[in-house]
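Notes follow once the structure below has been shown.
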Amino acid sequence: MSAGPGITAKGLSADGAEGGQPAVPASPAGRLLARLSVLPALLAMAWLLAGLPLLLAGGFTAVLMLAVSIPLAVVLVVLGLRWLPDRWPTGLPVAGRGSGGTPWWATASVVVIAIGFGVQQMIYHSQQIIVARDPASYSQFAAWIARHGSLPIPQQRAAFGATHQALQFGGLAFYQVGHTVVPQFMAGLPMVLAGGFWLGGVTAAVAFAPLLGACAVLTFGGLAIRLTGPRWAPLATLVLAVTMPEQFTSRSTYSEPLAQILFLGGLCLVIDALTVGRGSAAEAGRAGPGTARASQLLAALGGLALGLTLVVRIDGLSDILPVIPFAGLLLIGRRPQAWPLLGGLLAGALYGLVDGVLLSRPYLAHISNSLYPLVGLTVVVAAGTALAVLVFRGRCLQGRAPSWTLPLMAFGWIIVTVLLRPAITPNHPWASRRLVPGVLPGLILLAVWASAWLVGWLREHGYDRVLRAGLATACAALLVLPAAITAYGLGIRSGGPAGIRLAANGLATRVSYPGEIGAVNRMCAAP
């Protein structure tokens, strides 16, 4: 059984040996993509960890946020990126070759796809600031805290020329509570968008949506390279980038792309923790105290990222529920990553609980019919996991923890629960955002892994390169073309020199909710 990776001057190699000498050549391209893919999650964690206490204390200002979040970000980035591996063991059986180094073209492809996605989204980004859907609600929420640094919002009846009690301040996405107004939703995304208001007003704030979307695509590419292999990660990244729900939510200030960054980034960190510290606690100790500490640190950061999804969207409680039984499996197998993972998860979830109870309680009351059963289910799962740990601790699961275990548990749970009960009005494309955090990433990863397995099976059985290339091309086309046709509205139209022409009339080449910033400015400037 592997004793785990060794420590080198450049960090940890997934297949290193004791004495500081790597058993195989390092993969700089793999380590670079590993670091780039978790960097957005680490920066988002630092901002949220600093922002919520300041918002609760009424001191959410640009100066204080920079003073607190920058040192915190430096610590998280240094600790989180230092020990990342540069290659990962194959979690699910793939025929043919095992895990190898990452070629530069794979890393470059993932980065180029993410940048291209962000540029396209920026070109067609939305100006949705008039409250009709969630993005405008988040923008208005962010505008208030960016200027005033505290919640709730005073009613300011005198501004309306009268104090008549018939005047009501509640409405779409805002609740009237006593003499105050409480915005709907969790504070995570508004705290991030507030940075845009500080940088350049509402124009910069709405431009944050494409930036978050590009970071989410990059993070997904990092998860794909960990699970499907480096040569298939660009395909997975491209498929996600051309899907209509991903493009739609990344053009407006929806919460799903930020939740994606934290959720997928958290999975990346947990996988890295298992890769760095393979084996039981005793084996990790024999590999060196540095290895054990690195794996525990990455597990804690991964759990924290997963827990902080609750600060962004309360639905994240359902998404991270499988982490509890997974941590139970680690405890049964005496993995050193178990308690750090649970500690980080609890800390992040407590942030979400405080946010919901102190800042968004009317919103939680509004969705109580679906929230209370979810909380009850969480308690049952936690209790069942604790019981299983007590019963089975010490006789099972002593082997190497596969990288796919938590992703399979999480994505399987999310896909089934979301598709069975979307819990959203069936109004598309708006409702398609439910698929963004976990459903689409999970389905894409499974489809790309299946493609990799088929091509590997042909290689293992001696089929020639031409047949393997043909199958890989066919699989790629089956994954990319349906998504592209839907998003871009690709079709054949009459006209052109040949009598027919290729037309693109989809949402991907249209701006949604254009001109709202100018309209609001003109209304406010009118006498």
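By convention here, the chains of the structure tokens are called A, B, ... in the order presented, each chain's residues are numbered starting at 1, and ligands are numbered starting at 1 in the order presented.
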
Could you list, with a cut-off of 12 Å and counting only C-alpha atoms, the residues of stretch 373-482 of chain A near stretch 253-263 of chain A, each shown with its nearest atom pair and the distance in Å rounded to one decimal, rows sorted by chain and ascending number, as JSON lines?
```
{"residue": "A:Leu406", "atom": "CA", "partner": "A:Phe263", "partner_atom": "CA", "distance": 11.8}
{"residue": "A:Pro407", "atom": "CA", "partner": "A:Phe263", "partner_atom": "CA", "distance": 10.5}
{"residue": "A:Ala410", "atom": "CA", "partner": "A:Phe263", "partner_atom": "CA", "distance": 10.0}
{"residue": "A:Phe411", "atom": "CA", "partner": "A:Phe263", "partner_atom": "CA", "distance": 10.8}
{"residue": "A:Ile414", "atom": "CA", "partner": "A:Phe263", "partner_atom": "CA", "distance": 11.9}
{"residue": "A:Trp430", "atom": "CA", "partner": "A:Tyr254", "partner_atom": "CA", "distance": 10.0}
{"residue": "A:Ala431", "atom": "CA", "partner": "A:Tyr254", "partner_atom": "CA", "distance": 11.5}
{"residue": "A:Ser432", "atom": "CA", "partner": "A:Glu256", "partner_atom": "CA", "distance": 10.7}
{"residue": "A:Arg433", "atom": "CA", "partner": "A:Glu256", "partner_atom": "CA", "distance": 7.0}
{"residue": "A:Arg434", "atom": "CA", "partner": "A:Glu256", "partner_atom": "CA", "distance": 8.0}
{"residue": "A:Leu435", "atom": "CA", "partner": "A:Glu256", "partner_atom": "CA", "distance": 9.1}
{"residue": "A:Val436", "atom": "CA", "partner": "A:Glu256", "partner_atom": "CA", "distance": 6.4}
{"residue": "A:Pro437", "atom": "CA", "partner": "A:Gln260", "partner_atom": "CA", "distance": 4.9}
{"residue": "A:Gly438", "atom": "CA", "partner": "A:Gln260", "partner_atom": "CA", "distance": 7.5}
{"residue": "A:Val439", "atom": "CA", "partner": "A:Gln260", "partner_atom": "CA", "distance": 10.8}
{"residue": "A:Leu440", "atom": "CA", "partner": "A:Gln260", "partner_atom": "CA", "distance": 10.8}
{"residue": "A:Pro441", "atom": "CA", "partner": "A:Gln260", "partner_atom": "CA", "distance": 9.2}
{"residue": "A:Gly442", "atom": "CA", "partner": "A:Gln260", "partner_atom": "CA", "distance": 11.7}
```

Residue subset to file, keeping N, CA, C and O atoms, as a PDB file, in the first residue's frame:
```pdb
ATOM      1  N   LEU A 406     -16.343  11.100  -2.829  1.00  0.00           N
ATOM      2  CA  LEU A 406     -17.170  12.247  -2.468  1.00  0.00           C
ATOM      3  C   LEU A 406     -17.860  12.862  -3.683  1.00  0.00           C
ATOM      4  O   LEU A 406     -19.060  13.162  -3.608  1.00  0.00           O
ATOM      5  N   PRO A 407     -17.168  13.077  -4.817  1.00  0.00           N
ATOM      6  CA  PRO A 407     -17.896  13.609  -5.985  1.00  0.00           C
ATOM      7  C   PRO A 407     -19.067  12.741  -6.407  1.00  0.00           C
ATOM      8  O   PRO A 407     -20.141  13.266  -6.749  1.00  0.00           O
ATOM      9  N   ALA A 410     -21.850  13.268  -3.833  1.00  0.00           N
ATOM     10  CA  ALA A 410     -22.432  14.602  -3.902  1.00  0.00           C
ATOM     11  C   ALA A 410     -23.226  14.800  -5.193  1.00  0.00           C
ATOM     12  O   ALA A 410     -24.386  15.232  -5.170  1.00  0.00           O
ATOM     13  N   PHE A 411     -22.596  14.492  -6.321  1.00  0.00           N
ATOM     14  CA  PHE A 411     -23.279  14.714  -7.599  1.00  0.00           C
ATOM     15  C   PHE A 411     -24.477  13.788  -7.761  1.00  0.00           C
ATOM     16  O   PHE A 411     -25.516  14.185  -8.302  1.00  0.00           O
ATOM     17  N   ILE A 414     -27.243  15.317  -5.674  1.00  0.00           N
ATOM     18  CA  ILE A 414     -27.752  16.565  -6.259  1.00  0.00           C
ATOM     19  C   ILE A 414     -28.568  16.295  -7.511  1.00  0.00           C
ATOM     20  O   ILE A 414     -29.654  16.866  -7.704  1.00  0.00           O
ATOM     21  N   TRP A 430     -34.858  31.076 -16.999  1.00  0.00           N
ATOM     22  CA  TRP A 430     -34.600  31.477 -15.619  1.00  0.00           C
ATOM     23  C   TRP A 430     -34.480  30.282 -14.682  1.00  0.00           C
ATOM     24  O   TRP A 430     -33.572  30.202 -13.854  1.00  0.00           O
ATOM     25  N   ALA A 431     -35.394  29.315 -14.816  1.00  0.00           N
ATOM     26  CA  ALA A 431     -35.401  28.167 -13.905  1.00  0.00           C
ATOM     27  C   ALA A 431     -34.236  27.217 -14.146  1.00  0.00           C
ATOM     28  O   ALA A 431     -33.922  26.402 -13.275  1.00  0.00           O
ATOM     29  N   SER A 432     -33.585  27.314 -15.290  1.00  0.00           N
ATOM     30  CA  SER A 432     -32.485  26.392 -15.592  1.00  0.00           C
ATOM     31  C   SER A 432     -31.292  26.611 -14.677  1.00  0.00           C
ATOM     32  O   SER A 432     -30.372  25.774 -14.650  1.00  0.00           O
ATOM     33  N   ARG A 433     -31.273  27.689 -13.919  1.00  0.00           N
ATOM     34  CA  ARG A 433     -30.141  27.932 -13.024  1.00  0.00           C
ATOM     35  C   ARG A 433     -30.028  26.874 -11.930  1.00  0.00           C
ATOM     36  O   ARG A 433     -28.969  26.696 -11.345  1.00  0.00           O
ATOM     37  N   ARG A 434     -31.117  26.151 -11.670  1.00  0.00           N
ATOM     38  CA  ARG A 434     -31.065  25.070 -10.690  1.00  0.00           C
ATOM     39  C   ARG A 434     -30.069  23.978 -11.097  1.00  0.00           C
ATOM     40  O   ARG A 434     -29.561  23.234 -10.256  1.00  0.00           O
ATOM     41  N   LEU A 435     -29.791  23.882 -12.396  1.00  0.00           N
ATOM     42  CA  LEU A 435     -28.892  22.847 -12.883  1.00  0.00           C
ATOM     43  C   LEU A 435     -27.422  23.230 -12.759  1.00  0.00           C
ATOM     44  O   LEU A 435     -26.545  22.381 -12.923  1.00  0.00           O
ATOM     45  N   VAL A 436     -27.142  24.486 -12.456  1.00  0.00           N
ATOM     46  CA  VAL A 436     -25.773  24.992 -12.564  1.00  0.00           C
ATOM     47  C   VAL A 436     -24.839  24.496 -11.468  1.00  0.00           C
ATOM     48  O   VAL A 436     -23.737  24.012 -11.763  1.00  0.00           O
ATOM     49  N   PRO A 437     -25.181  24.587 -10.186  1.00  0.00           N
ATOM     50  CA  PRO A 437     -24.187  24.248  -9.158  1.00  0.00           C
ATOM     51  C   PRO A 437     -23.684  22.817  -9.224  1.00  0.00           C
ATOM     52  O   PRO A 437     -22.478  22.582  -9.085  1.00  0.00           O
ATOM     53  N   GLY A 438     -24.570  21.834  -9.431  1.00  0.00           N
ATOM     54  CA  GLY A 438     -24.115  20.458  -9.350  1.00  0.00           C
ATOM     55  C   GLY A 438     -24.613  19.511 -10.418  1.00  0.00           C
ATOM     56  O   GLY A 438     -23.924  18.548 -10.765  1.00  0.00           O
ATOM     57  N   VAL A 439     -25.803  19.754 -10.965  1.00  0.00           N
ATOM     58  CA  VAL A 439     -26.373  18.804 -11.918  1.00  0.00           C
ATOM     59  C   VAL A 439     -25.550  18.738 -13.202  1.00  0.00           C
ATOM     60  O   VAL A 439     -25.100  17.664 -13.632  1.00  0.00           O
ATOM     61  N   LEU A 440     -25.350  19.885 -13.847  1.00  0.00           N
ATOM     62  CA  LEU A 440     -24.579  19.897 -15.086  1.00  0.00           C
ATOM     63  C   LEU A 440     -23.131  19.451 -14.880  1.00  0.00           C
ATOM     64  O   LEU A 440     -22.635  18.611 -15.633  1.00  0.00           O
ATOM     65  N   PRO A 441     -22.414  19.986 -13.871  1.00  0.00           N
ATOM     66  CA  PRO A 441     -21.048  19.493 -13.663  1.00  0.00           C
ATOM     67  C   PRO A 441     -20.985  17.981 -13.439  1.00  0.00           C
ATOM     68  O   PRO A 441     -20.101  17.302 -13.969  1.00  0.00           O
ATOM     69  N   GLY A 442     -21.921  17.445 -12.655  1.00  0.00           N
ATOM     70  CA  GLY A 442     -21.899  16.015 -12.386  1.00  0.00           C
ATOM     71  C   GLY A 442     -22.156  15.182 -13.625  1.00  0.00           C
ATOM     72  O   GLY A 442     -21.441  14.206 -13.901  1.00  0.00           O
TER      73      GLY A 442
END
```

When you count only C-alpha atoms, which of these residues is closest to A:Ala41: A:Ser360, A:Ser137, A:Gln247, A:Thr309?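 Counting only C-alpha atoms, the residue closest to A:Ala41 is A:Thr309.
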
What does the distance from atom CA of A:Pro154 to atom CA of A:Gly178 come to in Å, to one decimal?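 Separating atom CA of A:Pro154 from atom CA of A:Gly178 is a distance of 9.7 Å.
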
Min atom-atom distance to A:Ala224 from the set A:Leu49, A:Ala519, A:Val181, A:Val110, counting only C-alpha atoms, belongs to A:Val110

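Between atom CA of A:Pro210 and atom CA of A:Val119 there is a distance of 7.6 Å.
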
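Taking only C-alpha atoms into account, A:Leu350 lies nearest to A:Leu52 out of the set A:Ile324, A:Val111, A:Leu445, A:Leu52.
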
DSSP on the backbone, then: every residue of stretch 168-375 of chain A marked strand (DSSP E), written as a PyMOL selection string. chain A and resi 174-177+180-183

Determine the nearest neighbour of A:Ala452 from the options A:Gly196, A:Arg157, A:Arg35, A:Ile225, counting only C-alpha atoms. A:Ile225

With a distance cut-off of 12 Å and only C-alpha atoms, select the neighbouring residues of A:Ala365, excluding the residue or stretch itself and same-chain residues fewer than 5 positions from it, and output the selection as a ChimeraX atom specification. /A:175,184-185,356-357,360,370-372

Give me, as a ChimeraX atom specification, the residues of stretch 223-316 of chain A that a backbone DSSP run labels alpha helix (DSSP H). /A:223-227,233-242,244-249,256-276,281-287,289-307,309-312,316
